[in-house]
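Report on the structure given below.
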Amino acid sequence: MTERKSHKSDRITGVLLLLLSLGYGFEALRLEADFLADPLGPRAFPLLLAAALGLFSLYLIFKPDPDPHWPPTRVLLGQLAMLVSFVVYSYALAPLGFLLATTLEMAVLSRLFGADWRRGFLGGAGLALGLYVLFVFGLGIPLPLGRWWPG
Amino acid sequence: MDVFSLLAHGFSVALTPLNLFLAFAGAFLGTLIGALPGIGPVNGVAILIPIAYALKLPPESALILLAGVYYGAEYGGRIASILLNVPGDAGAVITTLDGYPMAQKGKAGEALALSAISSFIGGTLAVIGLTLFAPYLAEWAIKFGPAEYFALMVFAFTTLASLAGKNPVKALIASVFGLMLATVGIDPGSGVPRFTFGEMKLYDGVDFLVVAIGLFAISEVLTLMEHSYLGTAQRIKVQTKLVSMKTFMASLWSILRSSLIGFFIGVLPGAGASIASAVAYTTEKRLVDHEGTFGTGDPRGVAAPEAANNAASGGAMVPMLTLGVPGSGTTAVLLGALMMFNVTPGPLIFQQRPEIVWGLIASMYIGNVMLLVLNLPLVGLFARILTIPRWFLVPAIAALSFIGVYAVNNSAFDLLFMTGIGVVGYLMRKAGFPLAPVILGLVLGRLMEVNLRRALAISGGDWSILYASPLSKALWALALLSLLFPYLTGFFGSRRRPPDV
């Protein structure tokens, strides 16, 4: 049974980490200090880390754990949609303003977590308004109103 | 100055109206965060840091608030454990074993009351322990040289590796990853920019807060997408009851023993509330469970883990405050918060910034009393919070994470970076890499490198200075031992671990 279990995830991770350690190590080798305040300089510690990571990633490649249960496609798509919404929200926050952007983002996220659009919008608008009042008026932390806001 | 006058000074800090309010806010939010399955103390603390920062609180006030969330969460975790059989946070996993059966027998009110009192006793005894031990440990630690410090930090990573997660190598990889993140930015020793790829935003280093919130909160939101079992409670009625004197007296020794166990396990680097409650429960089962009632709703089985997990969160403050070396994800986040406030943690903090340490310790006495009050008569209020639907709660956590990070720098770059780190954190969770070592590495990285370079500067480049003194030899030996420990006993290796905090 144990032979049949796939170990791909850890092997792939191990290879990626090995590449990371090599890239990081080479980048560290290129570091040059104009003057040396201490015998080690800026390179030594990163090189130690690169060596350690390289060693550990080899261990992972040769002694991998069985694969975890990756979620089914439906969940993966949901997670992907969520990440896309995060990226859009990050860019939309300043131009759209906190209230509008957060209401829309909350509606999308609520939908992804199983609410219908109506509840999502209502809940999102309520939360956005509540947080805006709390942050701006309660805590004195400014949040963007958006570029479309007059004045 | 003796401990009492220092503590009195601490109370003069903690009793100012602002700090009293913050202790209360921390306790309240902590209970809330602990009660809600899906957000644990580490997420709560991380999300609150930017708010504390944006409010420009003085460091001791910020720490009082954030620590309140941390130890308050151990109170709140039990509520969902008892009522829903779903632990509110990792430290409350064991509480489900007897807490839920008690609730099924109609004794939910009693279980909640007894566990609140146990939490209070465990939490308060731990603060007393912190008061008594911390100054001595700090005084002793002042003698540490750079070589000893380096060895101590290695020890912190190895114990964390052997305790957090099933595969120690994966925990070590997570540690190295955190340390690598810490090397990004201008090298303080030579002024050379490292691993910035010309990106000016990275010259100051990777933003600790962005990593902490991304790694814990955003990855948690992604994980929650998978789980359907975290259903919300339909209707919960809780009578606020007091526990009978007889039940309390029957549990008293279990509470006291578990508090001691919890405190000392909390002090150990790497072992936190979840391990403490498991060890305390097993110990009590062995010692007092003569009729085999543990697991069927024995009050002592509720009291023991709750006393232990609260004592552990107090104990975990000891190495964080005295050595500047945290032993868990949450204390690492607390330490990172202190660094954001330009406070250098470590033994010198006791001499240079006594108002921070003693103000915090004093506030923990006050906070525990507040928590007892919040968790006895008001427990019904928190139980009602469990009825918040998940479709609202989880997006709200995400929204709070985004606002918090945005409030600090007003930068979309930070939000994108946080999202990216969240994906990394999610993949790590899935593949069995613990997250706490990453944050520990990020927080300790600079310090570790500085101490290494200082040690080598003293020795003129001779690496043997790292293990020259007896103390550093002992620390290296302990580090090695902790790595071999899982293989030596098989105990920690074979047992299924509760999720790390």
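In the structure tokens, the first chain shown is A, the next is B, and so on; residue numbers restart at 1 for each chain, and ligands run from 1 in the order shown.
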
Which residues are close to stretch 144-155 of chain B, i.e. within 7 Å by only C-alpha atoms, leaving aside same-chain residues fewer than 5 positions away? Reply as a count of residues only.
14

Please list as a PyMOL selection string every residue within 12 Å of B:Phe264, counting only C-alpha atoms and excluding residues in the same chain fewer than 6 positions away.
chain B and resi 122+125-126+129-130+133+257-258+270-273+275-277+279-280+308-319

Mind dumping the selected residues with N, CA and C atoms as a PDB file, in the first residue's frame?
```
ATOM      1  N   GLY B 122      -5.245  29.007  36.088  1.00  0.00           N
ATOM      2  CA  GLY B 122      -4.055  28.725  35.283  1.00  0.00           C
ATOM      3  C   GLY B 122      -3.391  30.003  34.802  1.00  0.00           C
ATOM      4  N   LEU B 125      -1.818  31.946  37.883  1.00  0.00           N
ATOM      5  CA  LEU B 125      -0.610  31.304  38.398  1.00  0.00           C
ATOM      6  C   LEU B 125       0.554  31.525  37.437  1.00  0.00           C
ATOM      7  N   ALA B 126       0.271  31.502  36.144  1.00  0.00           N
ATOM      8  CA  ALA B 126       1.338  31.714  35.169  1.00  0.00           C
ATOM      9  C   ALA B 126       1.891  33.136  35.259  1.00  0.00           C
ATOM     10  N   GLY B 129       4.140  33.169  38.124  1.00  0.00           N
ATOM     11  CA  GLY B 129       5.398  32.541  37.722  1.00  0.00           C
ATOM     12  C   GLY B 129       6.249  33.485  36.888  1.00  0.00           C
ATOM     13  N   LEU B 130       5.576  34.176  35.971  1.00  0.00           N
ATOM     14  CA  LEU B 130       6.282  35.145  35.123  1.00  0.00           C
ATOM     15  C   LEU B 130       6.913  36.248  35.971  1.00  0.00           C
ATOM     16  N   PHE B 133       9.963  34.548  37.962  1.00  0.00           N
ATOM     17  CA  PHE B 133      11.115  33.992  37.229  1.00  0.00           C
ATOM     18  C   PHE B 133      11.743  34.964  36.248  1.00  0.00           C
ATOM     19  N   ARG B 257      -2.221  21.240  39.412  1.00  0.00           N
ATOM     20  CA  ARG B 257      -1.168  20.472  38.731  1.00  0.00           C
ATOM     21  C   ARG B 257      -1.057  20.879  37.267  1.00  0.00           C
ATOM     22  N   SER B 258      -2.205  20.992  36.623  1.00  0.00           N
ATOM     23  CA  SER B 258      -2.197  21.326  35.196  1.00  0.00           C
ATOM     24  C   SER B 258      -1.642  22.721  34.952  1.00  0.00           C
ATOM     25  N   GLY B 270       8.917  26.437  21.480  1.00  0.00           N
ATOM     26  CA  GLY B 270       8.311  25.500  20.544  1.00  0.00           C
ATOM     27  C   GLY B 270       7.078  24.809  21.051  1.00  0.00           C
ATOM     28  N   ALA B 271       6.930  24.708  22.359  1.00  0.00           N
ATOM     29  CA  ALA B 271       5.776  23.999  22.881  1.00  0.00           C
ATOM     30  C   ALA B 271       4.799  25.000  23.438  1.00  0.00           C
ATOM     31  N   GLY B 272       3.610  25.013  22.932  1.00  0.00           N
ATOM     32  CA  GLY B 272       2.648  26.018  23.371  1.00  0.00           C
ATOM     33  C   GLY B 272       1.424  25.415  24.002  1.00  0.00           C
ATOM     34  N   ALA B 273       0.319  26.134  23.884  1.00  0.00           N
ATOM     35  CA  ALA B 273      -0.909  25.778  24.567  1.00  0.00           C
ATOM     36  C   ALA B 273      -1.442  24.412  24.144  1.00  0.00           C
ATOM     37  N   ILE B 275       0.147  21.697  23.115  1.00  0.00           N
ATOM     38  CA  ILE B 275       0.886  20.596  23.719  1.00  0.00           C
ATOM     39  C   ILE B 275       0.642  20.567  25.219  1.00  0.00           C
ATOM     40  N   ALA B 276       0.615  21.752  25.847  1.00  0.00           N
ATOM     41  CA  ALA B 276       0.412  21.820  27.287  1.00  0.00           C
ATOM     42  C   ALA B 276      -0.909  21.179  27.687  1.00  0.00           C
ATOM     43  N   SER B 277      -1.983  21.509  26.946  1.00  0.00           N
ATOM     44  CA  SER B 277      -3.277  20.957  27.339  1.00  0.00           C
ATOM     45  C   SER B 277      -3.304  19.444  27.132  1.00  0.00           C
ATOM     46  N   VAL B 279      -0.689  17.360  27.338  1.00  0.00           N
ATOM     47  CA  VAL B 279       0.113  16.711  28.384  1.00  0.00           C
ATOM     48  C   VAL B 279      -0.639  16.743  29.711  1.00  0.00           C
ATOM     49  N   ALA B 280      -1.263  17.872  30.036  1.00  0.00           N
ATOM     50  CA  ALA B 280      -1.983  17.986  31.307  1.00  0.00           C
ATOM     51  C   ALA B 280      -3.140  16.986  31.355  1.00  0.00           C
ATOM     52  N   ALA B 308      -4.230  24.373  31.896  1.00  0.00           N
ATOM     53  CA  ALA B 308      -2.910  24.219  31.272  1.00  0.00           C
ATOM     54  C   ALA B 308      -2.727  25.163  30.097  1.00  0.00           C
ATOM     55  N   ASN B 309      -3.742  25.303  29.227  1.00  0.00           N
ATOM     56  CA  ASN B 309      -3.478  26.137  28.049  1.00  0.00           C
ATOM     57  C   ASN B 309      -3.362  27.618  28.413  1.00  0.00           C
ATOM     58  N   ASN B 310      -4.095  28.017  29.459  1.00  0.00           N
ATOM     59  CA  ASN B 310      -3.938  29.406  29.884  1.00  0.00           C
ATOM     60  C   ASN B 310      -2.600  29.639  30.574  1.00  0.00           C
ATOM     61  N   ALA B 311      -2.166  28.644  31.367  1.00  0.00           N
ATOM     62  CA  ALA B 311      -0.870  28.779  32.017  1.00  0.00           C
ATOM     63  C   ALA B 311       0.238  28.792  30.968  1.00  0.00           C
ATOM     64  N   ALA B 312       0.050  28.011  29.909  1.00  0.00           N
ATOM     65  CA  ALA B 312       1.081  27.948  28.872  1.00  0.00           C
ATOM     66  C   ALA B 312       1.241  29.283  28.164  1.00  0.00           C
ATOM     67  N   SER B 313       0.119  29.984  27.927  1.00  0.00           N
ATOM     68  CA  SER B 313       0.272  31.252  27.224  1.00  0.00           C
ATOM     69  C   SER B 313       0.987  32.265  28.108  1.00  0.00           C
ATOM     70  N   GLY B 314       0.802  32.171  29.430  1.00  0.00           N
ATOM     71  CA  GLY B 314       1.584  33.023  30.327  1.00  0.00           C
ATOM     72  C   GLY B 314       3.045  32.613  30.336  1.00  0.00           C
ATOM     73  N   GLY B 315       3.281  31.296  30.374  1.00  0.00           N
ATOM     74  CA  GLY B 315       4.658  30.805  30.396  1.00  0.00           C
ATOM     75  C   GLY B 315       5.415  31.178  29.138  1.00  0.00           C
ATOM     76  N   ALA B 316       4.710  31.184  28.003  1.00  0.00           N
ATOM     77  CA  ALA B 316       5.369  31.483  26.733  1.00  0.00           C
ATOM     78  C   ALA B 316       5.890  32.918  26.690  1.00  0.00           C
ATOM     79  N   MET B 317       5.345  33.767  27.577  1.00  0.00           N
ATOM     80  CA  MET B 317       5.837  35.146  27.631  1.00  0.00           C
ATOM     81  C   MET B 317       7.238  35.209  28.232  1.00  0.00           C
ATOM     82  N   VAL B 318       7.600  34.199  29.035  1.00  0.00           N
ATOM     83  CA  VAL B 318       8.879  34.263  29.754  1.00  0.00           C
ATOM     84  C   VAL B 318      10.067  34.349  28.793  1.00  0.00           C
ATOM     85  N   PRO B 319      10.259  33.379  27.879  1.00  0.00           N
ATOM     86  CA  PRO B 319      11.418  33.505  26.986  1.00  0.00           C
ATOM     87  C   PRO B 319      11.290  34.692  26.039  1.00  0.00           C
TER      88      PRO B 319
END
```

Closest atom pairs, stretch 100-195 of chain B residues within 10 Å of stretch 42-59 of chain A, only C-alpha atoms, as JSON lines:
```
{"residue": "B:Val169", "atom": "CA", "partner": "A:Phe56", "partner_atom": "CA", "distance": 6.5}
{"residue": "B:Lys170", "atom": "CA", "partner": "A:Phe56", "partner_atom": "CA", "distance": 8.0}
{"residue": "B:Leu172", "atom": "CA", "partner": "A:Phe56", "partner_atom": "CA", "distance": 7.7}
{"residue": "B:Ile173", "atom": "CA", "partner": "A:Leu53", "partner_atom": "CA", "distance": 6.3}
{"residue": "B:Ala174", "atom": "CA", "partner": "A:Leu53", "partner_atom": "CA", "distance": 9.4}
{"residue": "B:Ser175", "atom": "CA", "partner": "A:Leu53", "partner_atom": "CA", "distance": 9.5}
{"residue": "B:Val176", "atom": "CA", "partner": "A:Leu49", "partner_atom": "CA", "distance": 6.2}
{"residue": "B:Phe177", "atom": "CA", "partner": "A:Leu53", "partner_atom": "CA", "distance": 8.0}
{"residue": "B:Leu179", "atom": "CA", "partner": "A:Leu49", "partner_atom": "CA", "distance": 7.6}
{"residue": "B:Met180", "atom": "CA", "partner": "A:Leu49", "partner_atom": "CA", "distance": 6.9}
{"residue": "B:Ala182", "atom": "CA", "partner": "A:Pro46", "partner_atom": "CA", "distance": 10.0}
{"residue": "B:Thr183", "atom": "CA", "partner": "A:Pro46", "partner_atom": "CA", "distance": 7.2}
{"residue": "B:Val184", "atom": "CA", "partner": "A:Pro46", "partner_atom": "CA", "distance": 9.8}
{"residue": "B:Ile186", "atom": "CA", "partner": "A:Pro42", "partner_atom": "CA", "distance": 9.6}
{"residue": "B:Asp187", "atom": "CA", "partner": "A:Pro42", "partner_atom": "CA", "distance": 6.5}
{"residue": "B:Pro188", "atom": "CA", "partner": "A:Pro42", "partner_atom": "CA", "distance": 8.8}
{"residue": "B:Gly189", "atom": "CA", "partner": "A:Pro42", "partner_atom": "CA", "distance": 7.0}
{"residue": "B:Ser190", "atom": "CA", "partner": "A:Pro42", "partner_atom": "CA", "distance": 6.6}
{"residue": "B:Gly191", "atom": "CA", "partner": "A:Pro42", "partner_atom": "CA", "distance": 8.7}
{"residue": "B:Val192", "atom": "CA", "partner": "A:Pro42", "partner_atom": "CA", "distance": 7.3}
{"residue": "B:Pro193", "atom": "CA", "partner": "A:Pro42", "partner_atom": "CA", "distance": 9.2}
{"residue": "B:Arg194", "atom": "CA", "partner": "A:Pro42", "partner_atom": "CA", "distance": 8.2}
{"residue": "B:Phe195", "atom": "CA", "partner": "A:Pro46", "partner_atom": "CA", "distance": 9.9}
```

Would you output that residue set with C-alpha atoms, as a PDB file, in the first residue's frame?
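This is the output file result-v6.pdb:
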```pdb
ATOM      1  CA  VAL B 169      12.870  18.671   8.363  1.00  0.00           C
ATOM      2  CA  LYS B 170       9.862  20.535   7.020  1.00  0.00           C
ATOM      3  CA  LEU B 172      13.575  23.406   9.575  1.00  0.00           C
ATOM      4  CA  ILE B 173      12.900  24.332   5.956  1.00  0.00           C
ATOM      5  CA  ALA B 174      10.202  26.701   7.181  1.00  0.00           C
ATOM      6  CA  SER B 175      12.710  28.235   9.623  1.00  0.00           C
ATOM      7  CA  VAL B 176      15.339  28.741   6.920  1.00  0.00           C
ATOM      8  CA  PHE B 177      12.697  30.269   4.664  1.00  0.00           C
ATOM      9  CA  LEU B 179      15.501  33.551   7.960  1.00  0.00           C
ATOM     10  CA  MET B 180      15.955  34.096   4.231  1.00  0.00           C
ATOM     11  CA  ALA B 182      14.814  38.382   7.030  1.00  0.00           C
ATOM     12  CA  THR B 183      17.986  38.851   4.953  1.00  0.00           C
ATOM     13  CA  VAL B 184      16.118  40.867   2.319  1.00  0.00           C
ATOM     14  CA  ILE B 186      19.952  46.708   3.340  1.00  0.00           C
ATOM     15  CA  ASP B 187      22.551  44.752   5.274  1.00  0.00           C
ATOM     16  CA  PRO B 188      23.012  46.647   8.550  1.00  0.00           C
ATOM     17  CA  GLY B 189      26.671  45.592   8.777  1.00  0.00           C
ATOM     18  CA  SER B 190      27.900  46.794   5.395  1.00  0.00           C
ATOM     19  CA  GLY B 191      25.139  48.910   3.895  1.00  0.00           C
ATOM     20  CA  VAL B 192      24.861  46.604   0.875  1.00  0.00           C
ATOM     21  CA  PRO B 193      21.331  45.935  -0.400  1.00  0.00           C
ATOM     22  CA  ARG B 194      20.640  42.211  -0.464  1.00  0.00           C
ATOM     23  CA  PHE B 195      18.061  40.261  -2.467  1.00  0.00           C
TER      24      PHE B 195
END
```

Which is closest to chain B among A:Ser90, A:Thr103, A:Ser6, A:Ser21, if we use only C-alpha atoms?
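That would be A:Ser90, the residue with the smallest distance to chain B.
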
Between B:Phe341, B:Trp358, B:Phe208, B:Trp463, which has the minimum distance to B:Gly445 (counting only C-alpha atoms)?
B:Phe208

Residue with smallest distance to B:Asn167 - pool A:Lys63, A:Arg30, A:Arg111, A:Lys5, counting only C-alpha atoms:
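Of the candidates, the smallest distance to B:Asn167 is held by A:Lys63.
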
Can you pull out every residue within 7 Å of stretch 395-398 of chain B, counting only C-alpha atoms, but drop anything in the same chain fewer than 2 positions away, and send it as a PyMOL selection string?
(chain A and resi 106+109-110) or (chain B and resi 218+221+391-393+400-402)

Identify every residue of chain A that has at least one atom within 8 Å of any atom of chain B, counting only C-alpha atoms, and report the result as an MDAnalysis selection string.
chainID A and resid 9:10 24 27:28 31:42 45:46 49 52:53 56:57 59:60 67:71 75 78:79 83 86:87 90:91 102 106 109:115 120 123 127 139:143

Considering only C-alpha atoms, return as a compact mmCIF listing (two decimals) with N, CA and C atoms, in the first residue's frame whatever protein or nucleic-acid residues lie within 9 Å of B:Tyr75, sequence-local ones (same chain, fewer than 3 positions apart) excluded.
```txt
# COMPACT_ATOMS: atom_id res chain seq x y z
N ALA B 27 -8.84 41.67 26.24
CA ALA B 27 -9.50 40.51 26.83
C ALA B 27 -10.78 40.18 26.07
N GLY B 30 -9.93 39.06 22.55
CA GLY B 30 -9.28 37.75 22.66
C GLY B 30 -10.30 36.65 22.85
N THR B 31 -11.24 36.86 23.77
CA THR B 31 -12.28 35.85 24.00
C THR B 31 -13.06 35.61 22.72
N GLY B 34 -10.86 33.82 20.22
CA GLY B 34 -10.71 32.44 20.63
C GLY B 34 -11.98 31.65 20.40
N ALA B 35 -13.12 32.28 20.64
CA ALA B 35 -14.38 31.57 20.54
C ALA B 35 -14.71 31.19 19.11
N TYR B 71 -3.65 35.97 25.45
CA TYR B 71 -4.08 35.09 26.54
C TYR B 71 -5.59 35.04 26.66
N GLY B 72 -6.27 36.08 26.17
CA GLY B 72 -7.73 36.03 26.19
C GLY B 72 -8.27 34.94 25.27
N ARG B 78 -12.46 27.61 24.55
CA ARG B 78 -13.23 26.52 25.15
C ARG B 78 -14.71 26.59 24.81
N ILE B 79 -15.21 27.79 24.48
CA ILE B 79 -16.66 27.95 24.33
C ILE B 79 -17.18 27.07 23.19
N ALA B 92 -7.59 24.52 22.52
CA ALA B 92 -8.84 24.03 23.09
C ALA B 92 -9.28 22.71 22.47
N SER B 115 -14.61 25.74 33.46
CA SER B 115 -13.46 25.99 32.61
C SER B 115 -13.02 27.44 32.68
N ALA B 116 -13.97 28.35 32.90
CA ALA B 116 -13.58 29.75 33.06
C ALA B 116 -12.75 29.92 34.32
N SER B 119 -9.40 28.40 33.79
CA SER B 119 -8.60 29.29 32.95
C SER B 119 -8.03 30.42 33.79
N PHE B 120 -8.87 30.95 34.68
CA PHE B 120 -8.42 32.06 35.52
C PHE B 120 -7.28 31.62 36.43
N GLU B 306 -7.93 23.32 30.33
CA GLU B 306 -8.15 24.77 30.32
C GLU B 306 -7.17 25.50 31.23
N ASN B 309 -3.74 25.30 29.23
CA ASN B 309 -3.48 26.14 28.05
C ASN B 309 -3.36 27.62 28.41
N ASN B 310 -4.09 28.02 29.46
CA ASN B 310 -3.94 29.41 29.88
C ASN B 310 -2.60 29.64 30.57
N LEU B 371 -11.12 38.85 32.34
CA LEU B 371 -11.52 37.70 31.55
C LEU B 371 -12.44 36.79 32.33
N LEU B 372 -12.17 36.66 33.63
CA LEU B 372 -13.04 35.82 34.45
C LEU B 372 -14.45 36.41 34.46
N ASN B 375 -16.08 35.96 31.11
CA ASN B 375 -16.36 34.59 30.73
C ASN B 375 -17.30 33.86 31.67
```

How far is it from atom CA of A:Ala107 to atom CA of B:Ile49, in Å with one decimal?
26.1 Å

Residue set, stretch 29-256 of chain B restricted to helix (DSSP H, G or I), as a count of residues only
160

Figure out the distance between atom CA of B:Asn43 and atom CA of B:Ala217, please, to one decimal in Å.
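Those two atoms sit 5.3 Å apart.
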
Spatial neighbours of stretch 286-296 of chain B, max dist 7 Å, only C-alpha atoms, sep filter under 3 positions, as a PyMOL selection string
chain B and resi 97-98+101+282-283+301
